Amino acid sequence: MSTRVLIVEDEPKIAGLLRDYFVHAGFEAEVLSRGDEVAERVQGWRPQLVVLDLQLPGKDGIEVCRELRAQGSEPAVMMVTARVDEVDRLIGLEIGADDYVCKPFSPREVVARARAILRRLQPNQARGCLQVGPLELDRVAHVLRVAGQTLALTPIEFGLIETMLAHPQRVWSRGQLLERVRGTDFAGYERNIDGHVKNLRRKLRERLDGRDPIRSVYGVGYGLDAEVLAVE
Ligand code: CA
């Protein structure tokens with residue numbers, strides 16, 4: 001079955017161009033032009049990727065992305081913005097997108113980036129494994145390996161790194177992380193996450209020659225440091 005991509009774009013020319021490129025690249029592609037139709041279509045069609053324009057009629061891309069995450073939908077989300085100066089703000093917001101691309105873009109680049117996101121997320125997830133650089137998490141065996149060596153983690157630390165590896169480009173607020181690891185009997189306040197992240201970080205750094213694979217985003221929370229993890 002081919003990979004489904006939902007393109008949400010209100011400029012028909014751009015939407016058509018993207019659709020053609022995705023279809024040509026072997027994807028199944030659909031187009032929506034309004035933000036307020038996305039959540040329902042995602043529920044019904046279950047795309048693996050949503051390419052989401054920021055400025056849309058009905059509901060803007062940020063709201064749509066938050067809505068998808070709030071309803072527990074797990075497609076990868078690639079945000080598209082016309083303003084380069086928006087990107088920092090977008091990354092700083094807790095909207096849960098997996099990647100960003102700026103207009104004007106080449107459709108070829110968008111498809112290439114989409115492939116990269118899906119490669120990270122999909123084939124490994126199917127096997128119950130998440131891998132980013134030297135970090136490899138096996139959901140079935142419930143172990144994290146760093147450069148091939150098993151690392152002992154508490155259930156909360158495991159939940160934290162699992163969450164981050166599942167969406168390596170995302171920045172997570174403490175509340176979002178808390179939500180994700182709540183299944184592990186954790187009843188603390190949001191700030192308590194900091195202590196667990198600190199311990200996780202220490203353990204990872206020891207195995208990564210002092211390199212820190214977790215980045216702190218001031219005023220927002222935590223995410224993976226893709227650059228550190230690429231240096232392997
Ligand atoms: Ca638009």
# chains A, B, ... in the order shown; residues from 1 in each chain; ligands from 1
>>> closest_atom_pairs(of="chain A", to="ligand 1", cutoff="10 Å", atoms="only C-alpha atoms and all ligand atoms", output="tab-separated table")
residue	atom	partner	partner_atom_place_in_ligand_line	distance
A:Val8	CA	ligand 1	1 (Ca)	8.7
A:Glu9	CA	ligand 1	1 (Ca)	5.8
A:Asp10	CA	ligand 1	1 (Ca)	5.1
A:Glu11	CA	ligand 1	1 (Ca)	6.1
A:Pro12	CA	ligand 1	1 (Ca)	9.7
A:Ile14	CA	ligand 1	1 (Ca)	9.5
A:Ala15	CA	ligand 1	1 (Ca)	9.9
A:Ser33	CA	ligand 1	1 (Ca)	8.5
A:Arg34	CA	ligand 1	1 (Ca)	9.2
A:Gly35	CA	ligand 1	1 (Ca)	9.8
A:Leu52	CA	ligand 1	1 (Ca)	9.2
A:Asp53	CA	ligand 1	1 (Ca)	5.6
A:Leu54	CA	ligand 1	1 (Ca)	6.3
A:Gln55	CA	ligand 1	1 (Ca)	4.1
A:Leu56	CA	ligand 1	1 (Ca)	4.7
A:Pro57	CA	ligand 1	1 (Ca)	7.6
A:Asp60	CA	ligand 1	1 (Ca)	8.7
A:Gly61	CA	ligand 1	1 (Ca)	9.0
A:Val80	CA	ligand 1	1 (Ca)	8.8
A:Thr81	CA	ligand 1	1 (Ca)	8.1
A:Ala82	CA	ligand 1	1 (Ca)	8.1
>>> residues_around(residues="A:Arg115", least_positions_apart="4", cutoff="12 Å", atoms="only C-alpha atoms", output="ChimeraX atom specification")
/A:3-5,22,25-27,48-49,76,78,99,108-111,119-123
>>> residues_around(residues="stretch 210-226 of chain A", least_positions_apart="4", cutoff="8 Å", atoms="only C-alpha atoms", output="ChimeraX atom specification")
/A:92-94,164-165,168-174,201,204-206,230
>>> residues_around(residues="A:Lys203", least_positions_apart="4", cutoff="10 Å", atoms="only C-alpha atoms", output="list in words")
Leu151, Ala152, Leu153, Glu157, Val197, Lys198, Asn199, Arg207, Leu208, Gly210 and Asp212 of chain A
>>> select_by_dssp(residues="chain A", states="alpha helix (DSSP H)", output="MDAnalysis selection string")
chainID A and resid 12:24 38:45 61:70 87:92 107:126 155:166 174:181 192:207 226:230
>>> residues_around(residues="A:Cys65", least_positions_apart="6", cutoff="8 Å", atoms="only C-alpha atoms", output="PyMOL selection string")
chain A and resi 77+95-97
>>> write_last_selection(atoms="C-alpha atoms", output="compact mmCIF listing (two decimals), in the first residue's frame")
# COMPACT_ATOMS: atom_id res chain seq x y z
CA VAL A 77 3.31 17.00 10.10
CA ILE A 95 2.67 22.85 18.09
CA GLY A 96 4.07 19.41 17.52
CA ALA A 97 5.21 19.66 13.90
>>> residues_around(residues="A:Ile7", least_positions_apart="6", cutoff="8 Å", atoms="only C-alpha atoms", output="PyMOL selection string")
chain A and resi 15+18-19+29-32+50-52
>>> atom_distance(atom1="atom CA of A:Gln176", atom2="atom CA of A:Gly128")
22.1 Å
>>> atom_distance(atom1="atom CA of A:Gln71", atom2="atom CA of A:Leu135")
28.5 Å
>>> residues_around(residues="A:Asp138", least_positions_apart="4", cutoff="7 Å", atoms="only C-alpha atoms", output="MDAnalysis selection string")
chainID A and resid 128:130 142:144
